[in-house]
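**Student:** My structure is below; once you've seen it, I'll send some questions.
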Amino acid sequence: MHTSSRSNRPTTGTNLEHARLHNRRVVLEAIRQAGRLTRADLTRLTSLTAQTISNIVAELVAESMLTTHAPEKTARGQPPIPLSINPDGGFSVGFHVEQHQVLAVLLDLKGSTRGRRVHAVSYPSFADALPLLAGTVETFRANLPPDRLLGIGIALPGPFGVEGMSAVGPTSMPGWDDAASLARLRELTRLPVLLENDATAAAMGERLYGVAGGLRDFAYLFFGHGLGAGFYLDNRLYSGHWRNAGEIGHVIAVPDGKPCYCGKRGCLERYVSGASLLEHLGIGVDQNLIDVDIADPRHAAGIERWLAEAVPALRHAVNVLESLLDPETVLVGGTLFDDILRRLIDAAFPLHPSVSARADRGHERLRLGTAGPDCVALGAAALVVLAELSPDYQALLKA
Ligand SMILES: [Zn+2]
């Protein structure tokens with residue numbers, strides 16, 4: 001009898017621990033969404049018992065995750081005490097890794113940016129970048145109370161771990177899904193690390209900090225050096241089984257078109273991407289587009305040539321996204337200049353007829369995102385915070 005109950009103990013313990021962590025997130029998520037709630041509100045909203053709420057709240061207040069406010073005035077009985085998320089209760093670091101730049105942001109528990117660093121790089125491997133990433137985390141950590149960093153989110157161009165595809169071409173970042181480097185970064189920083197593709201992180205950035213604030217279903221076309229799509233569907237991110245959902249850059253847009261690094265011909269990103277623009281400007285595709293003076297009159301003809309090729313390919317991409325997903329809108333953003341993206345979007349209208357051509361729309365079918373240049377890093381950092389605060393995202397940080 002004793003033996004059997006002892007042998008059952010680890011399983012039972014794991015389940016209880018899982019339930020405890022889940023309930024913590026249910027409480028935090030309810031407060032995050034509402035702004036301020038009392039214990040009575042939480043009991044009503046979460047269907048947890050008053051005792052469970054009381055225990056969880058006591059724990060979260062002791063950990064500084066929650067702040068208590070002055071009691072509300074009531075006619076009789078014990079006045080209810082409103083609770084809110086304490087912005088200083090936890091922090092996360094988000095990295096946006098690109099071919100020529102690593103941008104880092106420090107986010108607090110309420111989602112405000114509390115630090116920012118930019119480093120110039122040149123096609124870094126994960127192993128090469130380890131000291132830079134770990135060093136940036138330590139710089140942020142030095143200015144925080146002890147044990148307040150929740151984790152690290154890294155967003156970078158995909159695809160991840162695809163045979164024969166991720167290791168070629170100037171639009172990819174080979175080796176960044178390397179398990180040994182990930183483990184090494186966890187070891188160096190003693191923090192959980194999550195990896196996400198840039199377009200998916202950008203979709204989250206746009207949902208939290210941009211024009212997608214109230215949207216439940218949208219696609220995000222991300223212009224980096226290459227082209228990717230992020231999906232926010234049914235009010236949550238969808239990144240695919242291997243985090244490769246939305247690798248739309250290698251969908252064939254022009255049969256028998258330009259040869260692509262992936263081995264096919266006529267891929268979308270050969271026409272619609274930062275690299276394809278560089279090509280039309282007569283600049284090496286391994287160069288940094290940010291260094292190009294796009295207003296220079298010498299580039300005008302090249303931009304026109306690029307637009308002439310990019311517009312039909314973009315219309316095709318929008319048609320595919322609308323037909324597959326029935327989204328409220330398709331957003332466009334990324335590290336390509338906003339002026340260029342705006343010209344591209346304007347020129348793409350009229351779009352192809354699709355299920356999205358309807359009168360009762362709240363947004364244009366295709367529009368520019370507004371979350372700004374930190375969108376991807378903010379999205380990556382926010383995913384770490386959400387993994388801590390929300391039951392929907394808790395699986396993200398599993399090491
Ligand atoms: Zn391709």
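By order in the structure tokens, chains are A, B, ...; within a chain, residues start at 1; ligands start at 1, following the order shown.
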Which residues of chain A sit at most 12 Å from ligand 1, using only C-alpha atoms and all ligand atoms? Give each one's shortest atom pair and distance in Å (one decimal place), in chain and ascending residue order, as JSON lines.
**Tutor:**
{"residue": "A:Pro159", "atom": "CA", "partner": "ligand 1", "partner_atom_place_in_ligand_line": "1 (Zn)", "distance": 11.0}
{"residue": "A:Gly164", "atom": "CA", "partner": "ligand 1", "partner_atom_place_in_ligand_line": "1 (Zn)", "distance": 11.1}
{"residue": "A:Met165", "atom": "CA", "partner": "ligand 1", "partner_atom_place_in_ligand_line": "1 (Zn)", "distance": 8.3}
{"residue": "A:Ser166", "atom": "CA", "partner": "ligand 1", "partner_atom_place_in_ligand_line": "1 (Zn)", "distance": 10.4}
{"residue": "A:Val168", "atom": "CA", "partner": "ligand 1", "partner_atom_place_in_ligand_line": "1 (Zn)", "distance": 10.1}
{"residue": "A:Gly169", "atom": "CA", "partner": "ligand 1", "partner_atom_place_in_ligand_line": "1 (Zn)", "distance": 9.2}
{"residue": "A:Pro170", "atom": "CA", "partner": "ligand 1", "partner_atom_place_in_ligand_line": "1 (Zn)", "distance": 11.5}
{"residue": "A:Thr171", "atom": "CA", "partner": "ligand 1", "partner_atom_place_in_ligand_line": "1 (Zn)", "distance": 10.0}
{"residue": "A:Ser172", "atom": "CA", "partner": "ligand 1", "partner_atom_place_in_ligand_line": "1 (Zn)", "distance": 10.8}
{"residue": "A:Gly226", "atom": "CA", "partner": "ligand 1", "partner_atom_place_in_ligand_line": "1 (Zn)", "distance": 9.9}
{"residue": "A:Leu227", "atom": "CA", "partner": "ligand 1", "partner_atom_place_in_ligand_line": "1 (Zn)", "distance": 10.3}
{"residue": "A:Gly228", "atom": "CA", "partner": "ligand 1", "partner_atom_place_in_ligand_line": "1 (Zn)", "distance": 11.6}
{"residue": "A:Glu247", "atom": "CA", "partner": "ligand 1", "partner_atom_place_in_ligand_line": "1 (Zn)", "distance": 9.8}
{"residue": "A:Ile248", "atom": "CA", "partner": "ligand 1", "partner_atom_place_in_ligand_line": "1 (Zn)", "distance": 9.2}
{"residue": "A:Gly249", "atom": "CA", "partner": "ligand 1", "partner_atom_place_in_ligand_line": "1 (Zn)", "distance": 6.6}
{"residue": "A:His250", "atom": "CA", "partner": "ligand 1", "partner_atom_place_in_ligand_line": "1 (Zn)", "distance": 4.0}
{"residue": "A:Val251", "atom": "CA", "partner": "ligand 1", "partner_atom_place_in_ligand_line": "1 (Zn)", "distance": 7.0}
{"residue": "A:Ile252", "atom": "CA", "partner": "ligand 1", "partner_atom_place_in_ligand_line": "1 (Zn)", "distance": 7.4}
{"residue": "A:Ala253", "atom": "CA", "partner": "ligand 1", "partner_atom_place_in_ligand_line": "1 (Zn)", "distance": 10.0}
{"residue": "A:Val254", "atom": "CA", "partner": "ligand 1", "partner_atom_place_in_ligand_line": "1 (Zn)", "distance": 11.1}
{"residue": "A:Pro255", "atom": "CA", "partner": "ligand 1", "partner_atom_place_in_ligand_line": "1 (Zn)", "distance": 11.7}
{"residue": "A:Asp256", "atom": "CA", "partner": "ligand 1", "partner_atom_place_in_ligand_line": "1 (Zn)", "distance": 11.8}
{"residue": "A:Gly257", "atom": "CA", "partner": "ligand 1", "partner_atom_place_in_ligand_line": "1 (Zn)", "distance": 10.6}
{"residue": "A:Lys258", "atom": "CA", "partner": "ligand 1", "partner_atom_place_in_ligand_line": "1 (Zn)", "distance": 9.4}
{"residue": "A:Pro259", "atom": "CA", "partner": "ligand 1", "partner_atom_place_in_ligand_line": "1 (Zn)", "distance": 7.8}
{"residue": "A:Cys260", "atom": "CA", "partner": "ligand 1", "partner_atom_place_in_ligand_line": "1 (Zn)", "distance": 4.5}
{"residue": "A:Tyr261", "atom": "CA", "partner": "ligand 1", "partner_atom_place_in_ligand_line": "1 (Zn)", "distance": 5.7}
{"residue": "A:Cys262", "atom": "CA", "partner": "ligand 1", "partner_atom_place_in_ligand_line": "1 (Zn)", "distance": 4.3}
{"residue": "A:Gly263", "atom": "CA", "partner": "ligand 1", "partner_atom_place_in_ligand_line": "1 (Zn)", "distance": 6.4}
{"residue": "A:Lys264", "atom": "CA", "partner": "ligand 1", "partner_atom_place_in_ligand_line": "1 (Zn)", "distance": 5.5}
{"residue": "A:Arg265", "atom": "CA", "partner": "ligand 1", "partner_atom_place_in_ligand_line": "1 (Zn)", "distance": 6.7}
{"residue": "A:Gly266", "atom": "CA", "partner": "ligand 1", "partner_atom_place_in_ligand_line": "1 (Zn)", "distance": 7.3}
{"residue": "A:Cys267", "atom": "CA", "partner": "ligand 1", "partner_atom_place_in_ligand_line": "1 (Zn)", "distance": 4.6}
{"residue": "A:Leu268", "atom": "CA", "partner": "ligand 1", "partner_atom_place_in_ligand_line": "1 (Zn)", "distance": 7.3}
{"residue": "A:Glu269", "atom": "CA", "partner": "ligand 1", "partner_atom_place_in_ligand_line": "1 (Zn)", "distance": 7.1}
{"residue": "A:Arg270", "atom": "CA", "partner": "ligand 1", "partner_atom_place_in_ligand_line": "1 (Zn)", "distance": 7.4}
{"residue": "A:Tyr271", "atom": "CA", "partner": "ligand 1", "partner_atom_place_in_ligand_line": "1 (Zn)", "distance": 10.6}
{"residue": "A:Val272", "atom": "CA", "partner": "ligand 1", "partner_atom_place_in_ligand_line": "1 (Zn)", "distance": 11.7}
{"residue": "A:Ser273", "atom": "CA", "partner": "ligand 1", "partner_atom_place_in_ligand_line": "1 (Zn)", "distance": 11.8}
**Student:** Compile a residue-level contact table for segment 51-72 of chain A against segment 80-88 of chain A at a cut-off of 6 Å, reporting for every qualifying residue the shortest atom pair and its distance in Å to one decimal, with only C-alpha atoms counted, rows ordered by chain and ascending number, as CSV.
**Tutor:**
residue,atom,partner,partner_atom,distance
A:Met65,CA,A:Asn86,CA,5.3
A:Leu66,CA,A:Ile85,CA,4.7
A:Thr67,CA,A:Asn86,CA,5.2
A:Thr68,CA,A:Leu83,CA,4.7
A:His69,CA,A:Pro82,CA,5.4
A:Pro71,CA,A:Ile81,CA,4.4
A:Glu72,CA,A:Pro80,CA,5.7
**Student:** Could you save the residues just selected, with all heavy atoms, as an mmCIF file, in the first residue's frame?
**Tutor:**
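Saved file part.cif follows:
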data_model
loop_
_atom_site.group_PDB
_atom_site.id
_atom_site.type_symbol
_atom_site.label_atom_id
_atom_site.label_comp_id
_atom_site.auth_asym_id
_atom_site.auth_seq_id
_atom_site.Cartn_x
_atom_site.Cartn_y
_atom_site.Cartn_z
ATOM 1 N N MET A 65 3.997 40.379 -8.331
ATOM 2 C CA MET A 65 3.376 40.331 -9.657
ATOM 3 C C MET A 65 2.096 41.188 -9.672
ATOM 4 O O MET A 65 1.703 41.703 -10.704
ATOM 5 C CB MET A 65 2.998 38.888 -10.035
ATOM 6 C CG MET A 65 4.168 37.933 -10.122
ATOM 7 S SD MET A 65 5.054 38.032 -11.681
ATOM 8 C CE MET A 65 4.061 36.971 -12.719
ATOM 9 N N LEU A 66 1.446 41.289 -8.522
ATOM 10 C CA LEU A 66 0.228 42.091 -8.413
ATOM 11 C C LEU A 66 0.427 43.245 -7.443
ATOM 12 O O LEU A 66 1.159 43.130 -6.466
ATOM 13 C CB LEU A 66 -0.951 41.235 -7.918
ATOM 14 C CG LEU A 66 -1.470 40.134 -8.844
ATOM 15 C CD1 LEU A 66 -2.634 39.400 -8.181
ATOM 16 C CD2 LEU A 66 -1.907 40.711 -10.186
ATOM 17 N N THR A 67 -0.264 44.363 -7.735
ATOM 18 C CA THR A 67 -0.278 45.521 -6.848
ATOM 19 C C THR A 67 -1.671 45.645 -6.248
ATOM 20 O O THR A 67 -2.660 45.452 -6.957
ATOM 21 C CB THR A 67 0.006 46.806 -7.660
ATOM 22 O OG1 THR A 67 1.235 46.634 -8.348
ATOM 23 C CG2 THR A 67 0.098 48.024 -6.778
ATOM 24 N N THR A 68 -1.734 45.976 -4.961
ATOM 25 C CA THR A 68 -3.047 46.228 -4.350
ATOM 26 C C THR A 68 -3.295 47.736 -4.313
ATOM 27 O O THR A 68 -2.364 48.519 -4.168
ATOM 28 C CB THR A 68 -3.109 45.671 -2.915
ATOM 29 O OG1 THR A 68 -2.008 46.225 -2.186
ATOM 30 C CG2 THR A 68 -3.000 44.166 -2.897
ATOM 31 N N HIS A 69 -4.554 48.104 -4.482
ATOM 32 C CA HIS A 69 -4.915 49.527 -4.481
ATOM 33 C C HIS A 69 -5.818 49.838 -3.289
ATOM 34 O O HIS A 69 -6.299 48.931 -2.619
ATOM 35 C CB HIS A 69 -5.626 49.881 -5.791
ATOM 36 C CG HIS A 69 -4.762 49.650 -6.987
ATOM 37 N ND1 HIS A 69 -3.893 50.584 -7.478
ATOM 38 C CD2 HIS A 69 -4.611 48.548 -7.778
ATOM 39 C CE1 HIS A 69 -3.245 50.078 -8.525
ATOM 40 N NE2 HIS A 69 -3.662 48.847 -8.724
ATOM 41 N N PRO A 71 -8.811 50.417 -0.917
ATOM 42 C CA PRO A 71 -10.112 49.722 -0.952
ATOM 43 C C PRO A 71 -11.225 50.605 -1.518
ATOM 44 O O PRO A 71 -11.202 51.824 -1.327
ATOM 45 C CB PRO A 71 -10.380 49.398 0.518
ATOM 46 C CG PRO A 71 -9.068 49.537 1.206
ATOM 47 C CD PRO A 71 -8.248 50.511 0.424
ATOM 48 N N GLU A 72 -12.152 49.944 -2.227
ATOM 49 C CA GLU A 72 -13.327 50.669 -2.740
ATOM 50 C C GLU A 72 -14.272 50.949 -1.571
ATOM 51 O O GLU A 72 -14.377 50.148 -0.657
ATOM 52 C CB GLU A 72 -14.049 49.796 -3.787
ATOM 53 C CG GLU A 72 -13.259 49.654 -5.073
ATOM 54 C CD GLU A 72 -13.826 48.562 -5.982
ATOM 55 O OE1 GLU A 72 -14.797 47.886 -5.573
ATOM 56 O OE2 GLU A 72 -13.286 48.401 -7.085
#
**Student:** Per DSSP on the backbone, what are the strand (DSSP E) residues of segment 3-212 of chain A, as a VMD selection string?
**Tutor:** chain A and resid 66 to 68 83 to 85 91 to 97 101 to 108 113 to 120 149 to 156 193 to 197
**Student:** Please determine, counting only C-alpha atoms, which residue among A:Gly153, A:Pro131, A:Gly158, A:Gly369 has the shortest atom-to-atom distance to Phe218 of chain A.
**Tutor:**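 Once distances to Phe218 of chain A are computed over only C-alpha atoms, the minimum belongs to A:Gly369.
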**Student:** Write out as a PyMOL selection string each polymer residue whose atoms come within 8 Å of Thr189 of chain A, counting only C-alpha atoms; drop sequence neighbours fewer than 2 positions from it.
**Tutor:** chain A and resi 134+137-138+185-187+191
**Student:** As a PDB file with N, CA, C and O atoms, in the first residue's frame, please: the residues near segment 323-331 of chain A (cut-off 7 Å, only C-alpha atoms, same-chain neighbours under 2 positions excluded).
**Tutor:**
ATOM      1  N   ASP A 217      -8.903  38.159 -36.373  1.00  0.00           N
ATOM      2  CA  ASP A 217      -8.381  37.340 -37.474  1.00  0.00           C
ATOM      3  C   ASP A 217      -7.654  38.225 -38.479  1.00  0.00           C
ATOM      4  O   ASP A 217      -8.297  39.049 -39.142  1.00  0.00           O
ATOM      5  N   PHE A 218      -6.360  38.092 -38.572  1.00  0.00           N
ATOM      6  CA  PHE A 218      -5.658  38.831 -39.623  1.00  0.00           C
ATOM      7  C   PHE A 218      -4.384  38.098 -40.035  1.00  0.00           C
ATOM      8  O   PHE A 218      -3.862  37.259 -39.302  1.00  0.00           O
ATOM      9  N   ALA A 219      -3.940  38.418 -41.246  1.00  0.00           N
ATOM     10  CA  ALA A 219      -2.646  37.921 -41.721  1.00  0.00           C
ATOM     11  C   ALA A 219      -1.705  39.119 -41.789  1.00  0.00           C
ATOM     12  O   ALA A 219      -2.144  40.259 -41.978  1.00  0.00           O
ATOM     13  N   TYR A 220      -0.424  38.855 -41.590  1.00  0.00           N
ATOM     14  CA  TYR A 220       0.566  39.940 -41.593  1.00  0.00           C
ATOM     15  C   TYR A 220       1.672  39.566 -42.579  1.00  0.00           C
ATOM     16  O   TYR A 220       2.343  38.544 -42.406  1.00  0.00           O
ATOM     17  N   LEU A 221       1.827  40.364 -43.620  1.00  0.00           N
ATOM     18  CA  LEU A 221       2.906  40.116 -44.587  1.00  0.00           C
ATOM     19  C   LEU A 221       4.136  40.880 -44.137  1.00  0.00           C
ATOM     20  O   LEU A 221       4.119  42.119 -44.100  1.00  0.00           O
ATOM     21  N   ASN A 319      -4.474  37.365 -52.590  1.00  0.00           N
ATOM     22  CA  ASN A 319      -5.560  36.481 -53.020  1.00  0.00           C
ATOM     23  C   ASN A 319      -5.471  35.120 -52.337  1.00  0.00           C
ATOM     24  O   ASN A 319      -6.479  34.561 -51.882  1.00  0.00           O
ATOM     25  N   VAL A 320      -4.253  34.589 -52.225  1.00  0.00           N
ATOM     26  CA  VAL A 320      -4.045  33.295 -51.560  1.00  0.00           C
ATOM     27  C   VAL A 320      -4.425  33.406 -50.077  1.00  0.00           C
ATOM     28  O   VAL A 320      -5.177  32.579 -49.548  1.00  0.00           O
ATOM     29  N   LEU A 321      -3.927  34.442 -49.409  1.00  0.00           N
ATOM     30  CA  LEU A 321      -4.192  34.611 -47.970  1.00  0.00           C
ATOM     31  C   LEU A 321      -5.687  34.785 -47.703  1.00  0.00           C
ATOM     32  O   LEU A 321      -6.251  34.177 -46.787  1.00  0.00           O
ATOM     33  N   GLY A 333       3.988  45.084 -43.231  1.00  0.00           N
ATOM     34  CA  GLY A 333       4.971  45.820 -42.445  1.00  0.00           C
ATOM     35  C   GLY A 333       6.317  45.155 -42.552  1.00  0.00           C
ATOM     36  O   GLY A 333       6.511  44.251 -43.362  1.00  0.00           O
ATOM     37  N   SER A 354     -12.196  38.381 -54.427  1.00  0.00           N
ATOM     38  CA  SER A 354     -12.082  37.231 -53.515  1.00  0.00           C
ATOM     39  C   SER A 354     -13.213  37.289 -52.505  1.00  0.00           C
ATOM     40  O   SER A 354     -14.014  38.231 -52.513  1.00  0.00           O
ATOM     41  N   VAL A 355     -13.248  36.312 -51.593  1.00  0.00           N
ATOM     42  CA  VAL A 355     -14.283  36.303 -50.543  1.00  0.00           C
ATOM     43  C   VAL A 355     -14.187  37.534 -49.650  1.00  0.00           C
ATOM     44  O   VAL A 355     -15.122  37.852 -48.920  1.00  0.00           O
ATOM     45  N   SER A 356     -13.035  38.219 -49.706  1.00  0.00           N
ATOM     46  CA  SER A 356     -12.843  39.386 -48.838  1.00  0.00           C
ATOM     47  C   SER A 356     -13.451  40.662 -49.408  1.00  0.00           C
ATOM     48  O   SER A 356     -13.492  41.682 -48.722  1.00  0.00           O
ATOM     49  N   HIS A 363     -12.019  47.163 -42.009  1.00  0.00           N
ATOM     50  CA  HIS A 363     -10.701  47.621 -42.461  1.00  0.00           C
ATOM     51  C   HIS A 363     -10.553  47.414 -43.957  1.00  0.00           C
ATOM     52  O   HIS A 363     -11.218  46.553 -44.538  1.00  0.00           O
ATOM     53  N   GLU A 364      -9.677  48.187 -44.582  1.00  0.00           N
ATOM     54  CA  GLU A 364      -9.289  47.915 -45.972  1.00  0.00           C
ATOM     55  C   GLU A 364      -8.778  46.481 -46.061  1.00  0.00           C
ATOM     56  O   GLU A 364      -8.267  45.942 -45.076  1.00  0.00           O
ATOM     57  N   ARG A 365      -8.846  45.884 -47.227  1.00  0.00           N
ATOM     58  CA  ARG A 365      -8.372  44.503 -47.371  1.00  0.00           C
ATOM     59  C   ARG A 365      -6.863  44.406 -47.175  1.00  0.00           C
ATOM     60  O   ARG A 365      -6.337  43.386 -46.710  1.00  0.00           O
ATOM     61  N   LEU A 366      -6.155  45.446 -47.555  1.00  0.00           N
ATOM     62  CA  LEU A 366      -4.689  45.445 -47.449  1.00  0.00           C
ATOM     63  C   LEU A 366      -4.272  46.795 -46.886  1.00  0.00           C
ATOM     64  O   LEU A 366      -4.693  47.837 -47.396  1.00  0.00           O
ATOM     65  N   ARG A 367      -3.503  46.800 -45.796  1.00  0.00           N
ATOM     66  CA  ARG A 367      -3.100  48.090 -45.240  1.00  0.00           C
ATOM     67  C   ARG A 367      -1.780  47.991 -44.485  1.00  0.00           C
ATOM     68  O   ARG A 367      -1.351  46.898 -44.100  1.00  0.00           O
ATOM     69  N   LEU A 368      -1.150  49.151 -44.294  1.00  0.00           N
ATOM     70  CA  LEU A 368       0.149  49.205 -43.625  1.00  0.00           C
ATOM     71  C   LEU A 368      -0.026  49.082 -42.112  1.00  0.00           C
ATOM     72  O   LEU A 368      -0.918  49.698 -41.532  1.00  0.00           O
ATOM     73  N   GLY A 369       0.823  48.289 -41.468  1.00  0.00           N
ATOM     74  CA  GLY A 369       0.830  48.201 -40.008  1.00  0.00           C
ATOM     75  C   GLY A 369       1.371  49.492 -39.408  1.00  0.00           C
ATOM     76  O   GLY A 369       1.997  50.299 -40.098  1.00  0.00           O
TER      77      GLY A 369
END
**Student:** Pull the alpha helix (DSSP H) assignments for segment 38-272 of chain A out of DSSP run on the backbone, and list those residues as a ChimeraX atom specification.
**Tutor:** /A:39-46,50-62,126-142,179-189,198-209
**Student:** Just write the chosen residues, C-alpha atoms, as a short mmCIF file (atom, residue, chain, number, x, y, z; two decimals), in the first residue's frame.
**Tutor:**
data_model
loop_
_atom_site.label_atom_id
_atom_site.label_comp_id
_atom_site.auth_asym_id
_atom_site.auth_seq_id
_atom_site.Cartn_x
_atom_site.Cartn_y
_atom_site.Cartn_z
CA ARG A 39 -10.98 38.99 -5.32
CA ALA A 40 -14.78 38.80 -5.60
CA ASP A 41 -14.59 39.75 -9.31
CA LEU A 42 -11.97 37.04 -9.83
CA THR A 43 -14.07 34.37 -8.11
CA ARG A 44 -17.02 35.27 -10.34
CA LEU A 45 -15.01 35.49 -13.58
CA THR A 46 -12.79 32.41 -13.19
CA ALA A 50 -12.85 32.02 -3.06
CA GLN A 51 -10.19 30.12 -1.11
CA THR A 52 -8.19 29.28 -4.25
CA ILE A 53 -8.38 32.91 -5.43
CA SER A 54 -7.31 34.10 -2.01
CA ASN A 55 -4.27 31.76 -2.00
CA ILE A 56 -3.20 32.65 -5.53
CA VAL A 57 -3.60 36.38 -4.97
CA ALA A 58 -1.59 36.21 -1.72
CA GLU A 59 1.18 34.38 -3.60
CA LEU A 60 1.19 36.84 -6.53
CA VAL A 61 1.20 39.88 -4.21
CA ALA A 62 4.12 38.37 -2.26
CA PHE A 126 23.73 31.59 -33.40
CA ALA A 127 27.06 30.43 -31.95
CA ASP A 128 28.76 33.70 -33.03
CA ALA A 129 25.95 35.80 -31.57
CA LEU A 130 25.80 34.01 -28.20
CA PRO A 131 28.11 36.46 -26.33
CA LEU A 132 26.20 39.43 -27.78
CA LEU A 133 22.79 38.00 -26.78
CA ALA A 134 23.89 36.91 -23.31
CA GLY A 135 25.76 40.21 -22.76
CA THR A 136 22.67 42.25 -23.70
CA VAL A 137 20.52 40.24 -21.27
CA GLU A 138 23.06 40.88 -18.48
CA THR A 139 23.13 44.64 -19.26
CA PHE A 140 19.35 44.78 -18.86
CA ARG A 141 19.41 42.52 -15.80
CA ALA A 142 21.96 44.73 -14.01
CA ALA A 179 19.32 22.98 -30.20
CA ALA A 180 22.85 23.11 -28.73
CA SER A 181 23.11 26.92 -29.14
CA LEU A 182 19.64 27.35 -27.64
CA ALA A 183 20.64 25.19 -24.67
CA ARG A 184 23.87 27.18 -24.29
CA LEU A 185 21.96 30.50 -24.18
CA ARG A 186 19.62 29.06 -21.55
CA GLU A 187 22.65 27.94 -19.57
CA LEU A 188 24.47 31.29 -19.85
CA THR A 189 21.45 33.37 -18.86
CA ASP A 198 9.91 37.19 -37.45
CA ALA A 199 6.54 37.41 -39.22
CA THR A 200 4.71 35.63 -36.38
CA ALA A 201 6.38 37.88 -33.77
CA ALA A 202 5.47 40.92 -35.91
CA ALA A 203 1.82 39.83 -35.98
CA MET A 204 1.85 39.74 -32.16
CA GLY A 205 3.65 43.12 -32.06
CA GLU A 206 1.00 44.62 -34.34
CA ARG A 207 -1.83 43.07 -32.27
CA LEU A 208 -0.47 44.60 -29.04
CA TYR A 209 1.10 47.85 -30.24
#
**Student:** Enter the distance from atom CA of Ala377 of chain A to atom CA of Gly94 of chain A, in Å, rounded to one decimal.
**Tutor:**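 About the pair atom CA of Ala377 of chain A and atom CA of Gly94 of chain A: they are 4.8 Å apart.
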**Student:** So that I can check the surroundings of Asp286 of chain A, please list as a compact mmCIF listing (two decimals) with all heavy atoms, in the first residue's frame every protein, DNA and RNA residue that reaches within 10 Å of it, counting only C-alpha atoms and ignoring chain neighbours fewer than 4 positions away.
**Tutor:**
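Below is the file that was written, part.txt:
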# COMPACT_ATOMS: atom_id res chain seq x y z
N GLN A 99 19.82 39.91 -40.73
CA GLN A 99 21.11 39.68 -41.38
C GLN A 99 22.15 40.74 -40.96
O GLN A 99 23.33 40.43 -40.81
CB GLN A 99 20.94 39.71 -42.90
CG GLN A 99 20.24 38.49 -43.48
CD GLN A 99 18.72 38.50 -43.31
OE1 GLN A 99 18.13 39.40 -42.74
NE2 GLN A 99 18.08 37.44 -43.79
N HIS A 100 21.70 41.99 -40.75
CA HIS A 100 22.65 43.07 -40.49
C HIS A 100 22.47 43.75 -39.13
O HIS A 100 23.17 44.71 -38.83
CB HIS A 100 22.53 44.14 -41.60
CG HIS A 100 22.82 43.60 -42.96
ND1 HIS A 100 24.09 43.37 -43.40
CD2 HIS A 100 21.98 43.21 -43.95
CE1 HIS A 100 24.04 42.88 -44.64
NE2 HIS A 100 22.78 42.77 -44.99
N SER A 122 26.79 41.05 -39.08
CA SER A 122 26.78 40.64 -40.47
C SER A 122 26.56 39.13 -40.56
O SER A 122 27.46 38.36 -40.23
CB SER A 122 28.10 41.04 -41.15
OG SER A 122 28.07 40.65 -42.50
N TYR A 123 25.36 38.73 -40.93
CA TYR A 123 25.00 37.32 -41.07
C TYR A 123 25.55 36.46 -39.92
O TYR A 123 26.29 35.52 -40.15
CB TYR A 123 25.50 36.78 -42.41
CG TYR A 123 24.68 37.29 -43.57
CD1 TYR A 123 24.99 38.49 -44.20
CD2 TYR A 123 23.58 36.57 -44.03
CE1 TYR A 123 24.22 38.96 -45.25
CE2 TYR A 123 22.81 37.04 -45.08
CZ TYR A 123 23.14 38.23 -45.69
OH TYR A 123 22.38 38.69 -46.73
N GLY A 169 20.88 30.88 -49.47
CA GLY A 169 20.25 32.13 -49.87
C GLY A 169 20.43 33.25 -48.87
O GLY A 169 20.52 33.01 -47.67
N PRO A 170 20.47 34.49 -49.37
CA PRO A 170 20.72 35.64 -48.50
C PRO A 170 19.54 36.03 -47.64
O PRO A 170 19.67 36.89 -46.78
CB PRO A 170 21.04 36.76 -49.50
CG PRO A 170 20.35 36.36 -50.75
CD PRO A 170 20.31 34.86 -50.77
N THR A 171 18.35 35.45 -47.85
CA THR A 171 17.21 35.84 -47.03
C THR A 171 17.02 34.94 -45.81
O THR A 171 16.13 35.15 -45.00
CB THR A 171 15.89 35.82 -47.85
OG1 THR A 171 15.65 34.48 -48.30
CG2 THR A 171 15.97 36.76 -49.04
N HIS A 225 14.40 40.97 -45.26
CA HIS A 225 15.21 40.74 -46.45
C HIS A 225 14.41 39.85 -47.41
O HIS A 225 14.40 40.05 -48.61
CB HIS A 225 16.52 40.06 -46.03
CG HIS A 225 17.65 40.37 -46.93
ND1 HIS A 225 18.06 41.66 -47.21
CD2 HIS A 225 18.48 39.57 -47.63
CE1 HIS A 225 19.07 41.63 -48.04
NE2 HIS A 225 19.35 40.38 -48.31
N ALA A 275 15.18 41.92 -50.57
CA ALA A 275 16.26 41.44 -51.44
C ALA A 275 15.95 41.69 -52.91
O ALA A 275 16.83 42.08 -53.69
CB ALA A 275 16.49 39.95 -51.19
N LEU A 278 16.61 45.33 -53.68
CA LEU A 278 18.07 45.56 -53.82
C LEU A 278 18.55 45.15 -55.21
O LEU A 278 19.36 45.84 -55.84
CB LEU A 278 18.83 44.77 -52.75
CG LEU A 278 18.84 45.34 -51.34
CD1 LEU A 278 19.39 44.31 -50.36
CD2 LEU A 278 19.67 46.63 -51.26
N GLU A 279 18.03 44.04 -55.67
CA GLU A 279 18.41 43.52 -56.98
C GLU A 279 18.06 44.52 -58.08
O GLU A 279 18.88 44.82 -58.96
CB GLU A 279 17.65 42.21 -57.21
CG GLU A 279 18.36 41.20 -58.07
CD GLU A 279 17.64 39.85 -57.98
OE1 GLU A 279 16.40 39.82 -57.96
OE2 GLU A 279 18.35 38.85 -57.92
**Student:** So how far away is atom CA of Ser239 of chain A from atom CA of Glu17 of chain A, in Å?
**Tutor:**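 Between atom CA of Glu17 of chain A and atom CA of Ser239 of chain A the gap is 27.3 Å.
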**Student:** Hey, which of A:Ala155, A:Leu194, A:Ile283, A:Ala387 ends up closest to Gly230 of chain A? Count only C-alpha atoms.
**Tutor:** A:Ala155
**Student:** Name the residues in contact with segment 103-106 of chain A at a cut-off of 7 Å, using only C-alpha atoms, excluding same-chain residues fewer than 5 positions from it; report them as a list in words.
**Tutor:**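 Those residues are Phe91, Ser92, Val93, Gly94, Phe95, His96, Val97, Thr113, Arg114, Gly115, Arg116, Arg117, Val118, His119, Ala377 and Leu378 of chain A.
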